[in-house]
$ cat my_file-v7.pdb   # PDB, C-alpha atoms and all ligand atoms
MODEL        1
ATOM      1  CA  MET X 641     -19.909   8.134 -22.989  1.00  0.00           C
ATOM      2  CA  VAL X 642     -17.686  11.210 -23.017  1.00  0.00           C
ATOM      3  CA  SER X 643     -15.163  11.262 -25.880  1.00  0.00           C
ATOM      4  CA  PRO X 644     -11.529  10.972 -24.731  1.00  0.00           C
ATOM      5  CA  LEU X 645     -10.835  14.198 -26.642  1.00  0.00           C
ATOM      6  CA  SER X 646     -13.150  16.194 -24.387  1.00  0.00           C
ATOM      7  CA  ARG X 647     -11.534  14.912 -21.206  1.00  0.00           C
ATOM      8  CA  LYS X 648      -8.902  17.020 -19.446  1.00  0.00           C
ATOM      9  CA  ASN X 649      -5.243  16.144 -19.357  1.00  0.00           C
ATOM     10  CA  LEU X 650      -4.443  16.477 -15.658  1.00  0.00           C
ATOM     11  CA  HIS X 651      -1.032  16.776 -14.155  1.00  0.00           C
ATOM     12  CA  ILE X 652      -1.014  14.162 -11.349  1.00  0.00           C
ATOM     13  CA  VAL X 653       1.218  13.714  -8.317  1.00  0.00           C
ATOM     14  CA  VAL X 654       0.905  10.303  -6.638  1.00  0.00           C
ATOM     15  CA  LEU X 655       1.732   9.835  -2.950  1.00  0.00           C
ATOM     16  CA  VAL X 656       2.760   6.319  -1.904  1.00  0.00           C
ATOM     17  CA  SER X 657       4.216   4.387   1.021  1.00  0.00           C
ATOM     18  CA  GLY X 658       4.388   0.770  -0.127  1.00  0.00           C
ATOM     19  CA  ARG X 659       4.213  -1.751  -2.944  1.00  0.00           C
ATOM     20  CA  GLY X 660       2.510   0.589  -5.435  1.00  0.00           C
ATOM     21  CA  SER X 661      -0.069  -1.631  -7.134  1.00  0.00           C
ATOM     22  CA  ASN X 662      -2.458   1.330  -7.366  1.00  0.00           C
ATOM     23  CA  LEU X 663       0.350   3.458  -8.785  1.00  0.00           C
ATOM     24  CA  GLN X 664       1.010   0.721 -11.371  1.00  0.00           C
ATOM     25  CA  ALA X 665      -2.689   0.716 -12.305  1.00  0.00           C
ATOM     26  CA  ILE X 666      -2.485   4.470 -13.022  1.00  0.00           C
ATOM     27  CA  ILE X 667       0.755   4.032 -15.009  1.00  0.00           C
ATOM     28  CA  ASP X 668      -0.873   1.255 -17.071  1.00  0.00           C
ATOM     29  CA  ALA X 669      -4.006   3.346 -17.654  1.00  0.00           C
ATOM     30  CA  GLU X 670      -1.823   6.220 -18.834  1.00  0.00           C
ATOM     31  CA  HIS X 671       0.120   3.935 -21.207  1.00  0.00           C
ATOM     32  CA  THR X 672      -3.039   2.339 -22.644  1.00  0.00           C
ATOM     33  CA  GLN X 673      -4.687   5.791 -22.866  1.00  0.00           C
ATOM     34  CA  LYS X 674      -7.576   4.821 -20.610  1.00  0.00           C
ATOM     35  CA  ILE X 675      -6.881   8.139 -18.941  1.00  0.00           C
ATOM     36  CA  ASN X 676      -5.659  11.361 -20.546  1.00  0.00           C
ATOM     37  CA  SER X 677      -3.754  12.520 -17.490  1.00  0.00           C
ATOM     38  CA  LYS X 678      -0.069  12.077 -16.748  1.00  0.00           C
ATOM     39  CA  ILE X 679       1.839  11.387 -13.560  1.00  0.00           C
ATOM     40  CA  SER X 680       4.565  13.998 -13.224  1.00  0.00           C
ATOM     41  CA  LEU X 681       5.944  12.949  -9.850  1.00  0.00           C
ATOM     42  CA  VAL X 682       5.661  10.132  -7.312  1.00  0.00           C
ATOM     43  CA  ILE X 683       6.412  11.064  -3.698  1.00  0.00           C
ATOM     44  CA  SER X 684       7.026   8.473  -0.997  1.00  0.00           C
ATOM     45  CA  ASN X 685       7.456   8.892   2.739  1.00  0.00           C
ATOM     46  CA  GLN X 686       9.255   5.506   2.692  1.00  0.00           C
ATOM     47  CA  PRO X 687      12.558   5.778   0.791  1.00  0.00           C
ATOM     48  CA  ASN X 688      12.618   2.000   0.152  1.00  0.00           C
ATOM     49  CA  ALA X 689       9.046   1.693  -1.123  1.00  0.00           C
ATOM     50  CA  LEU X 690       8.627  -0.707  -4.039  1.00  0.00           C
ATOM     51  CA  ALA X 691       6.344   1.925  -5.545  1.00  0.00           C
ATOM     52  CA  LEU X 692       9.366   4.171  -6.198  1.00  0.00           C
ATOM     53  CA  GLU X 693      10.994   1.394  -8.249  1.00  0.00           C
ATOM     54  CA  LYS X 694       7.792   0.986 -10.252  1.00  0.00           C
ATOM     55  CA  ALA X 695       7.739   4.719 -10.989  1.00  0.00           C
ATOM     56  CA  GLN X 696      11.406   4.771 -11.991  1.00  0.00           C
ATOM     57  CA  LYS X 697      10.904   1.775 -14.288  1.00  0.00           C
ATOM     58  CA  ALA X 698       8.170   3.762 -16.015  1.00  0.00           C
ATOM     59  CA  GLY X 699      10.465   6.778 -16.359  1.00  0.00           C
ATOM     60  CA  ILE X 700       8.529   8.891 -13.852  1.00  0.00           C
ATOM     61  CA  ALA X 701      10.320  11.343 -11.544  1.00  0.00           C
ATOM     62  CA  THR X 702      10.380  10.309  -7.889  1.00  0.00           C
ATOM     63  CA  LEU X 703      10.993  12.053  -4.612  1.00  0.00           C
ATOM     64  CA  ALA X 704      11.504  10.462  -1.202  1.00  0.00           C
ATOM     65  CA  ILE X 705      10.520  12.621   1.748  1.00  0.00           C
ATOM     66  CA  PRO X 706      11.285  10.352   4.705  1.00  0.00           C
ATOM     67  CA  SER X 707       8.797  10.681   7.539  1.00  0.00           C
ATOM     68  CA  LYS X 708      10.890   8.640   9.974  1.00  0.00           C
ATOM     69  CA  ASN X 709      12.895  10.401  12.693  1.00  0.00           C
ATOM     70  CA  LYS X 710      11.232  13.765  12.203  1.00  0.00           C
ATOM     71  CA  SER X 711       8.183  15.461  13.625  1.00  0.00           C
ATOM     72  CA  ALA X 712       4.878  15.303  11.761  1.00  0.00           C
ATOM     73  CA  THR X 713       5.016  19.104  11.425  1.00  0.00           C
ATOM     74  CA  VAL X 714       8.397  19.035   9.696  1.00  0.00           C
ATOM     75  CA  PHE X 715       7.381  16.135   7.422  1.00  0.00           C
ATOM     76  CA  GLN X 716       4.098  17.788   6.425  1.00  0.00           C
ATOM     77  CA  SER X 717       5.754  21.125   5.714  1.00  0.00           C
ATOM     78  CA  GLU X 718       8.380  19.445   3.515  1.00  0.00           C
ATOM     79  CA  LEU X 719       5.556  17.669   1.697  1.00  0.00           C
ATOM     80  CA  LEU X 720       3.617  20.909   1.263  1.00  0.00           C
ATOM     81  CA  ILE X 721       6.658  22.669  -0.215  1.00  0.00           C
ATOM     82  CA  ALA X 722       7.245  19.802  -2.678  1.00  0.00           C
ATOM     83  CA  LEU X 723       3.566  19.736  -3.706  1.00  0.00           C
ATOM     84  CA  LYS X 724       3.356  23.523  -4.170  1.00  0.00           C
ATOM     85  CA  LYS X 725       6.432  23.367  -6.407  1.00  0.00           C
ATOM     86  CA  GLN X 726       4.724  20.775  -8.628  1.00  0.00           C
ATOM     87  CA  LYS X 727       1.384  22.641  -8.907  1.00  0.00           C
ATOM     88  CA  PRO X 728      -0.572  19.417  -9.518  1.00  0.00           C
ATOM     89  CA  ASP X 729      -4.148  19.381 -10.839  1.00  0.00           C
ATOM     90  CA  LEU X 730      -4.741  16.172  -8.922  1.00  0.00           C
ATOM     91  CA  ILE X 731      -3.019  14.429  -6.005  1.00  0.00           C
ATOM     92  CA  VAL X 732      -3.711  10.701  -5.682  1.00  0.00           C
ATOM     93  CA  LEU X 733      -3.111   8.982  -2.355  1.00  0.00           C
ATOM     94  CA  ALA X 734      -2.286   5.453  -3.494  1.00  0.00           C
ATOM     95  CA  GLY X 735      -1.499   3.459  -0.391  1.00  0.00           C
ATOM     96  CA  PHE X 736      -0.097   6.557   1.326  1.00  0.00           C
ATOM     97  CA  MET X 737      -0.015   5.690   5.018  1.00  0.00           C
ATOM     98  CA  LYS X 738       0.046   9.212   6.448  1.00  0.00           C
ATOM     99  CA  ILE X 739      -2.840  11.540   7.247  1.00  0.00           C
ATOM    100  CA  LEU X 740      -2.370  14.863   5.477  1.00  0.00           C
ATOM    101  CA  SER X 741      -2.116  17.987   7.617  1.00  0.00           C
ATOM    102  CA  LYS X 742      -4.852  20.662   7.558  1.00  0.00           C
ATOM    103  CA  GLU X 743      -2.395  22.913   5.697  1.00  0.00           C
ATOM    104  CA  VAL X 744      -1.862  20.391   2.887  1.00  0.00           C
ATOM    105  CA  VAL X 745      -5.592  19.628   2.612  1.00  0.00           C
ATOM    106  CA  SER X 746      -6.561  23.289   2.489  1.00  0.00           C
ATOM    107  CA  ALA X 747      -3.854  24.152  -0.073  1.00  0.00           C
ATOM    108  CA  PHE X 748      -5.247  21.490  -2.437  1.00  0.00           C
ATOM    109  CA  ARG X 749      -8.905  21.154  -1.400  1.00  0.00           C
ATOM    110  CA  GLY X 750     -10.977  19.249  -3.945  1.00  0.00           C
ATOM    111  CA  LYS X 751      -7.822  18.124  -5.730  1.00  0.00           C
ATOM    112  CA  ILE X 752      -6.815  15.213  -3.473  1.00  0.00           C
ATOM    113  CA  ILE X 753      -8.330  11.732  -3.803  1.00  0.00           C
ATOM    114  CA  ASN X 754      -7.806   8.511  -1.853  1.00  0.00           C
ATOM    115  CA  ILE X 755      -8.576   4.853  -2.478  1.00  0.00           C
ATOM    116  CA  HIS X 756      -9.815   2.971   0.590  1.00  0.00           C
ATOM    117  CA  PRO X 757     -10.608  -0.770   0.783  1.00  0.00           C
ATOM    118  CA  SER X 758     -14.119  -0.597   2.302  1.00  0.00           C
ATOM    119  CA  LEU X 759     -17.514   0.872   1.580  1.00  0.00           C
ATOM    120  CA  LEU X 760     -17.038   4.086   3.543  1.00  0.00           C
ATOM    121  CA  PRO X 761     -18.275   5.278   5.995  1.00  0.00           C
ATOM    122  CA  LYS X 762     -17.977   1.643   7.098  1.00  0.00           C
ATOM    123  CA  PHE X 763     -14.553   0.485   8.288  1.00  0.00           C
ATOM    124  CA  PRO X 764     -12.413   3.623   8.020  1.00  0.00           C
ATOM    125  CA  GLY X 765      -8.758   3.614   9.053  1.00  0.00           C
ATOM    126  CA  LEU X 766      -6.229   0.818   9.062  1.00  0.00           C
ATOM    127  CA  ASN X 767      -6.929  -2.823   8.197  1.00  0.00           C
ATOM    128  CA  ALA X 768     -10.344  -2.170   6.670  1.00  0.00           C
ATOM    129  CA  GLN X 769     -10.369  -5.653   5.121  1.00  0.00           C
ATOM    130  CA  GLN X 770      -9.827  -7.313   8.512  1.00  0.00           C
ATOM    131  CA  GLN X 771     -12.389  -4.999  10.127  1.00  0.00           C
ATOM    132  CA  ALA X 772     -14.992  -6.240   7.609  1.00  0.00           C
ATOM    133  CA  LEU X 773     -14.063  -9.897   8.253  1.00  0.00           C
ATOM    134  CA  ASP X 774     -14.148  -9.419  12.040  1.00  0.00           C
ATOM    135  CA  ALA X 775     -17.563  -7.743  11.815  1.00  0.00           C
ATOM    136  CA  GLY X 776     -18.917 -10.771   9.929  1.00  0.00           C
ATOM    137  CA  ALA X 777     -19.977  -8.530   7.022  1.00  0.00           C
ATOM    138  CA  LYS X 778     -21.366 -10.273   3.943  1.00  0.00           C
ATOM    139  CA  THR X 779     -20.222  -7.547   1.595  1.00  0.00           C
ATOM    140  CA  THR X 780     -17.556  -4.904   1.594  1.00  0.00           C
ATOM    141  CA  GLY X 781     -15.874  -3.021  -1.259  1.00  0.00           C
ATOM    142  CA  CYS X 782     -13.741  -0.042  -2.043  1.00  0.00           C
ATOM    143  CA  THR X 783     -14.255   3.700  -2.117  1.00  0.00           C
ATOM    144  CA  VAL X 784     -12.548   6.514  -3.980  1.00  0.00           C
ATOM    145  CA  HIS X 785     -13.181   9.797  -2.209  1.00  0.00           C
ATOM    146  CA  PHE X 786     -11.976  13.373  -2.007  1.00  0.00           C
ATOM    147  CA  VAL X 787      -9.743  13.945   0.991  1.00  0.00           C
ATOM    148  CA  ASP X 788     -10.741  16.336   3.753  1.00  0.00           C
ATOM    149  CA  GLU X 789      -9.265  16.916   7.222  1.00  0.00           C
ATOM    150  CA  GLY X 790     -10.699  13.666   8.625  1.00  0.00           C
ATOM    151  CA  CYS X 791      -9.553  10.076   8.279  1.00  0.00           C
ATOM    152  CA  ASP X 792     -11.325   8.529   5.249  1.00  0.00           C
ATOM    153  CA  THR X 793     -14.218  10.991   5.561  1.00  0.00           C
ATOM    154  CA  GLY X 794     -14.291  13.225   2.459  1.00  0.00           C
ATOM    155  CA  PRO X 795     -16.977  13.315  -0.270  1.00  0.00           C
ATOM    156  CA  ILE X 796     -17.335   9.974  -2.057  1.00  0.00           C
ATOM    157  CA  ILE X 797     -16.633   9.859  -5.812  1.00  0.00           C
ATOM    158  CA  LEU X 798     -17.489   6.206  -6.373  1.00  0.00           C
ATOM    159  CA  GLN X 799     -17.743   2.839  -4.682  1.00  0.00           C
ATOM    160  CA  LYS X 800     -17.552  -0.763  -5.849  1.00  0.00           C
ATOM    161  CA  THR X 801     -19.017  -3.666  -3.898  1.00  0.00           C
ATOM    162  CA  GLU X 802     -17.351  -7.032  -3.304  1.00  0.00           C
ATOM    163  CA  ASN X 803     -18.943 -10.079  -1.681  1.00  0.00           C
ATOM    164  CA  ILE X 804     -17.185 -11.655   1.280  1.00  0.00           C
ATOM    165  CA  LEU X 805     -17.027 -15.424   0.782  1.00  0.00           C
ATOM    166  CA  PRO X 806     -17.419 -17.865   3.716  1.00  0.00           C
ATOM    167  CA  ASP X 807     -13.797 -19.036   3.527  1.00  0.00           C
ATOM    168  CA  ASP X 808     -12.245 -15.614   2.877  1.00  0.00           C
ATOM    169  CA  ASP X 809      -9.240 -14.557   4.915  1.00  0.00           C
ATOM    170  CA  PHE X 810      -7.392 -11.245   4.814  1.00  0.00           C
ATOM    171  CA  GLU X 811      -5.215 -12.311   1.908  1.00  0.00           C
ATOM    172  CA  SER X 812      -7.958 -13.633  -0.375  1.00  0.00           C
ATOM    173  CA  LEU X 813     -10.255 -10.679   0.312  1.00  0.00           C
ATOM    174  CA  ASP X 814      -7.450  -8.140  -0.055  1.00  0.00           C
ATOM    175  CA  LYS X 815      -6.522  -9.618  -3.463  1.00  0.00           C
ATOM    176  CA  ARG X 816     -10.048  -9.102  -4.852  1.00  0.00           C
ATOM    177  CA  LEU X 817     -10.436  -5.682  -3.226  1.00  0.00           C
ATOM    178  CA  LEU X 818      -7.128  -4.504  -4.674  1.00  0.00           C
ATOM    179  CA  LYS X 819      -8.223  -5.443  -8.193  1.00  0.00           C
ATOM    180  CA  LYS X 820     -11.557  -3.692  -7.711  1.00  0.00           C
ATOM    181  CA  GLY X 821      -9.795  -0.699  -6.173  1.00  0.00           C
ATOM    182  CA  HIS X 822      -7.584  -0.340  -9.240  1.00  0.00           C
ATOM    183  CA  GLU X 823     -10.661  -0.259 -11.490  1.00  0.00           C
ATOM    184  CA  ALA X 824     -12.383   2.234  -9.182  1.00  0.00           C
ATOM    185  CA  LEU X 825      -9.365   4.525  -9.099  1.00  0.00           C
ATOM    186  CA  ILE X 826      -9.075   4.689 -12.894  1.00  0.00           C
ATOM    187  CA  GLU X 827     -12.819   5.275 -13.233  1.00  0.00           C
ATOM    188  CA  ALA X 828     -12.617   8.083 -10.658  1.00  0.00           C
ATOM    189  CA  ILE X 829      -9.718   9.772 -12.468  1.00  0.00           C
ATOM    190  CA  LYS X 830     -11.696   9.580 -15.721  1.00  0.00           C
ATOM    191  CA  ARG X 831     -14.709  11.194 -14.027  1.00  0.00           C
ATOM    192  CA  ILE X 832     -12.525  14.018 -12.726  1.00  0.00           C
ATOM    193  CA  GLU X 833     -11.082  14.485 -16.236  1.00  0.00           C
ATOM    194  CA  GLU X 834     -14.651  14.862 -17.502  1.00  0.00           C
ATOM    195  CA  LYS X 835     -15.591  17.657 -15.060  1.00  0.00           C
TER     196      LYS X 835
HETATM  197  C1  LIG X 901      -4.631  -0.761  -0.778  1.00  0.00           C
HETATM  198  O1  LIG X 901      -5.248  -1.652   0.124  1.00  0.00           O
HETATM  199  C2  LIG X 901      -5.446   0.495  -0.883  1.00  0.00           C
HETATM  200  O2  LIG X 901      -6.811   0.284  -1.014  1.00  0.00           O
HETATM  201  C3  LIG X 901      -5.066   1.176   0.418  1.00  0.00           C
HETATM  202  O3  LIG X 901      -3.689   0.874   0.593  1.00  0.00           O
HETATM  203  C4  LIG X 901      -3.333  -0.264  -0.164  1.00  0.00           C
HETATM  204  C5  LIG X 901      -2.306   0.179  -1.173  1.00  0.00           C
HETATM  205  O4  LIG X 901      -1.733  -0.798  -1.936  1.00  0.00           O
HETATM  206  N1  LIG X 901      -5.355   2.562   0.447  1.00  0.00           N
HETATM  207  P1  LIG X 901      -0.634  -0.437  -3.037  1.00  0.00           P
HETATM  208  O5  LIG X 901       0.594   0.124  -2.334  1.00  0.00           O
HETATM  209  O6  LIG X 901      -1.213   0.539  -4.011  1.00  0.00           O
HETATM  210  O7  LIG X 901      -0.332  -1.758  -3.683  1.00  0.00           O
ENDMDL
END
$ encode --input "my_file-v7.pdb" --output "structure tokens" --more "lines below"
Ligand code: GRF
Amino acid sequence: MVSPLSRKNLHIVVLVSGRGSNLQAIIDAEHTQKINSKISLVISNQPNALALEKAQKAGIATLAIPSKNKSATVFQSELLIALKKQKPDLIVLAGFMKILSKEVVSAFRGKIINIHPSLLPKFPGLNAQQQALDAGAKTTGCTVHFVDEGCDTGPIILQKTENILPDDDFESLDKRLLKKGHEALIEAIKRIEEK
């Protein structure tokens, strides 16, 4: 095991769109010193996202960049400006429901990670949990990967498997996958700190 002292202290920006359970997992890991890194800013494309409240409660700076009623080009350039200003070591997509533009990806290549609720390359895109149920899969899981220009296609950092039970529905499966995803995300951040 690598000593916590030899791990880097990264400056993280988290991008969110919703309830923010993954964000909360990072905040908790920071508070319990499971990770050395610190979140300096949380950006949401949804001004009313619960995730923003979670960040504020933890005393973390927040920024809403609404994506509604504007073109993707305008939204992505506003996002790029905000990210460049922050100069993050790591950008975590934690339930961020937008695909990053080529410009954003290339400005921060190798520094952006995403958590996805399936064993990629299986079931990319939206509703991965339901896709696994509909396919009659016996197992699924979650993946933390580096983000490239594609949708859920970048190099995989780590994966965790979860069995699908005969009476699973979206809700029951999602609950277990979320928990596993939180563990995977923290483990991935630790691995990046160790590089
Ligand atoms: C999770 O299903 C995660 O795997 C996916 O989006 C959801 C985010 O949930 N990328 P939350 O907003 O972090 O609670």
$ residues_near_ligand --input "my_file-v7.pdb" --ligand "ligand LIG 901 (chain X)" --cutoff "10 Å" --atoms "all atoms listed in the file" --output "PyMOL selection string"
chain X and resi 655-666+689-691+733-737+754-758+765-769+781-784+792+814-815+817-822+825
$ write_last_selection --input "my_file-v7.pdb" --atoms "C-alpha atoms" --output "PDB file, in the coordinates of the input"
ATOM      1  CA  LEU X 655       1.732   9.835  -2.950  1.00  0.00           C
ATOM      2  CA  VAL X 656       2.760   6.319  -1.904  1.00  0.00           C
ATOM      3  CA  SER X 657       4.216   4.387   1.021  1.00  0.00           C
ATOM      4  CA  GLY X 658       4.388   0.770  -0.127  1.00  0.00           C
ATOM      5  CA  ARG X 659       4.213  -1.751  -2.944  1.00  0.00           C
ATOM      6  CA  GLY X 660       2.510   0.589  -5.435  1.00  0.00           C
ATOM      7  CA  SER X 661      -0.069  -1.631  -7.134  1.00  0.00           C
ATOM      8  CA  ASN X 662      -2.458   1.330  -7.366  1.00  0.00           C
ATOM      9  CA  LEU X 663       0.350   3.458  -8.785  1.00  0.00           C
ATOM     10  CA  GLN X 664       1.010   0.721 -11.371  1.00  0.00           C
ATOM     11  CA  ALA X 665      -2.689   0.716 -12.305  1.00  0.00           C
ATOM     12  CA  ILE X 666      -2.485   4.470 -13.022  1.00  0.00           C
ATOM     13  CA  ALA X 689       9.046   1.693  -1.123  1.00  0.00           C
ATOM     14  CA  LEU X 690       8.627  -0.707  -4.039  1.00  0.00           C
ATOM     15  CA  ALA X 691       6.344   1.925  -5.545  1.00  0.00           C
ATOM     16  CA  LEU X 733      -3.111   8.982  -2.355  1.00  0.00           C
ATOM     17  CA  ALA X 734      -2.286   5.453  -3.494  1.00  0.00           C
ATOM     18  CA  GLY X 735      -1.499   3.459  -0.391  1.00  0.00           C
ATOM     19  CA  PHE X 736      -0.097   6.557   1.326  1.00  0.00           C
ATOM     20  CA  MET X 737      -0.015   5.690   5.018  1.00  0.00           C
ATOM     21  CA  ASN X 754      -7.806   8.511  -1.853  1.00  0.00           C
ATOM     22  CA  ILE X 755      -8.576   4.853  -2.478  1.00  0.00           C
ATOM     23  CA  HIS X 756      -9.815   2.971   0.590  1.00  0.00           C
ATOM     24  CA  PRO X 757     -10.608  -0.770   0.783  1.00  0.00           C
ATOM     25  CA  SER X 758     -14.119  -0.597   2.302  1.00  0.00           C
ATOM     26  CA  GLY X 765      -8.758   3.614   9.053  1.00  0.00           C
ATOM     27  CA  LEU X 766      -6.229   0.818   9.062  1.00  0.00           C
ATOM     28  CA  ASN X 767      -6.929  -2.823   8.197  1.00  0.00           C
ATOM     29  CA  ALA X 768     -10.344  -2.170   6.670  1.00  0.00           C
ATOM     30  CA  GLN X 769     -10.369  -5.653   5.121  1.00  0.00           C
ATOM     31  CA  GLY X 781     -15.874  -3.021  -1.259  1.00  0.00           C
ATOM     32  CA  CYS X 782     -13.741  -0.042  -2.043  1.00  0.00           C
ATOM     33  CA  THR X 783     -14.255   3.700  -2.117  1.00  0.00           C
ATOM     34  CA  VAL X 784     -12.548   6.514  -3.980  1.00  0.00           C
ATOM     35  CA  ASP X 792     -11.325   8.529   5.249  1.00  0.00           C
ATOM     36  CA  ASP X 814      -7.450  -8.140  -0.055  1.00  0.00           C
ATOM     37  CA  LYS X 815      -6.522  -9.618  -3.463  1.00  0.00           C
ATOM     38  CA  LEU X 817     -10.436  -5.682  -3.226  1.00  0.00           C
ATOM     39  CA  LEU X 818      -7.128  -4.504  -4.674  1.00  0.00           C
ATOM     40  CA  LYS X 819      -8.223  -5.443  -8.193  1.00  0.00           C
ATOM     41  CA  LYS X 820     -11.557  -3.692  -7.711  1.00  0.00           C
ATOM     42  CA  GLY X 821      -9.795  -0.699  -6.173  1.00  0.00           C
ATOM     43  CA  HIS X 822      -7.584  -0.340  -9.240  1.00  0.00           C
ATOM     44  CA  LEU X 825      -9.365   4.525  -9.099  1.00  0.00           C
TER      45      LEU X 825
END
$ atom_distance --input "my_file-v7.pdb" --atom1 "CA of Leu760 (chain X)" --atom2 "CA of Leu681 (chain X)"
28.0 Å
$ residues_around --input "my_file-v7.pdb" --residues "Ile675 (chain X)" --least-positions-apart "3" --cutoff "8 Å" --atoms "all atoms listed in the file" --output "list in words"
Pro644, Ala669, Glu670, Thr672, Ile826, Ile829 and Lys830 of chain X
$ write_last_selection --input "my_file-v7.pdb" --atoms "C-alpha atoms" --output "PDB file, in the coordinates of the input"
ATOM      1  CA  PRO X 644     -11.529  10.972 -24.731  1.00  0.00           C
ATOM      2  CA  ALA X 669      -4.006   3.346 -17.654  1.00  0.00           C
ATOM      3  CA  GLU X 670      -1.823   6.220 -18.834  1.00  0.00           C
ATOM      4  CA  THR X 672      -3.039   2.339 -22.644  1.00  0.00           C
ATOM      5  CA  ILE X 826      -9.075   4.689 -12.894  1.00  0.00           C
ATOM      6  CA  ILE X 829      -9.718   9.772 -12.468  1.00  0.00           C
ATOM      7  CA  LYS X 830     -11.696   9.580 -15.721  1.00  0.00           C
TER       8      LYS X 830
END
$ residues_near_point --input "my_file-v7.pdb" --point "(-8.2, 14.0, -25.0)" --cutoff "10 Å" --atoms "only C-alpha atoms" --output "PDB file with C-alpha atoms, keeping the file's coordinate frame"
ATOM      1  CA  SER X 643     -15.163  11.262 -25.880  1.00  0.00           C
ATOM      2  CA  PRO X 644     -11.529  10.972 -24.731  1.00  0.00           C
ATOM      3  CA  LEU X 645     -10.835  14.198 -26.642  1.00  0.00           C
ATOM      4  CA  SER X 646     -13.150  16.194 -24.387  1.00  0.00           C
ATOM      5  CA  ARG X 647     -11.534  14.912 -21.206  1.00  0.00           C
ATOM      6  CA  LYS X 648      -8.902  17.020 -19.446  1.00  0.00           C
ATOM      7  CA  ASN X 649      -5.243  16.144 -19.357  1.00  0.00           C
ATOM      8  CA  GLN X 673      -4.687   5.791 -22.866  1.00  0.00           C
ATOM      9  CA  ILE X 675      -6.881   8.139 -18.941  1.00  0.00           C
ATOM     10  CA  ASN X 676      -5.659  11.361 -20.546  1.00  0.00           C
ATOM     11  CA  SER X 677      -3.754  12.520 -17.490  1.00  0.00           C
ATOM     12  CA  GLU X 833     -11.082  14.485 -16.236  1.00  0.00           C
ATOM     13  CA  GLU X 834     -14.651  14.862 -17.502  1.00  0.00           C
TER      14      GLU X 834
END
$ axis_aligned_box --input "my_file-v7.pdb" --around "region 667-677 of chain X" --padding-each-side "8 Å" --output "JSON"
{"center_x": -3.4, "center_y": 6.9, "center_z": -18.9, "size_x": 24.3, "size_y": 27.3, "size_z": 23.9}
$ atom_distance --input "my_file-v7.pdb" --atom1 "CA of Lys727 (chain X)" --atom2 "CA of His651 (chain X)"
8.2 Å
$ resolve_selection --input "my_file-v7.pdb" --expression "the PyMOL selection byres (((chain X and resi 805) around 12) and not hetatm)" --output "tab-separated table (two decimals) with C-alpha atoms, in the frame of the given file"
chain	number	residue	atom	x	y	z
X	772	ALA	CA	-14.99	-6.24	7.61
X	773	LEU	CA	-14.06	-9.90	8.25
X	776	GLY	CA	-18.92	-10.77	9.93
X	777	ALA	CA	-19.98	-8.53	7.02
X	778	LYS	CA	-21.37	-10.27	3.94
X	779	THR	CA	-20.22	-7.55	1.60
X	780	THR	CA	-17.56	-4.90	1.59
X	802	GLU	CA	-17.35	-7.03	-3.30
X	803	ASN	CA	-18.94	-10.08	-1.68
X	804	ILE	CA	-17.18	-11.66	1.28
X	806	PRO	CA	-17.42	-17.86	3.72
X	807	ASP	CA	-13.80	-19.04	3.53
X	808	ASP	CA	-12.24	-15.61	2.88
X	809	ASP	CA	-9.24	-14.56	4.92
X	810	PHE	CA	-7.39	-11.24	4.81
X	812	SER	CA	-7.96	-13.63	-0.38
X	813	LEU	CA	-10.26	-10.68	0.31
X	816	ARG	CA	-10.05	-9.10	-4.85
$ residues_around --input "my_file-v7.pdb" --residues "Val787 (chain X)" --least-positions-apart "3" --cutoff "6 Å" --atoms "all atoms listed in the file" --output "ChimeraX atom specification"
/X:752-753,794
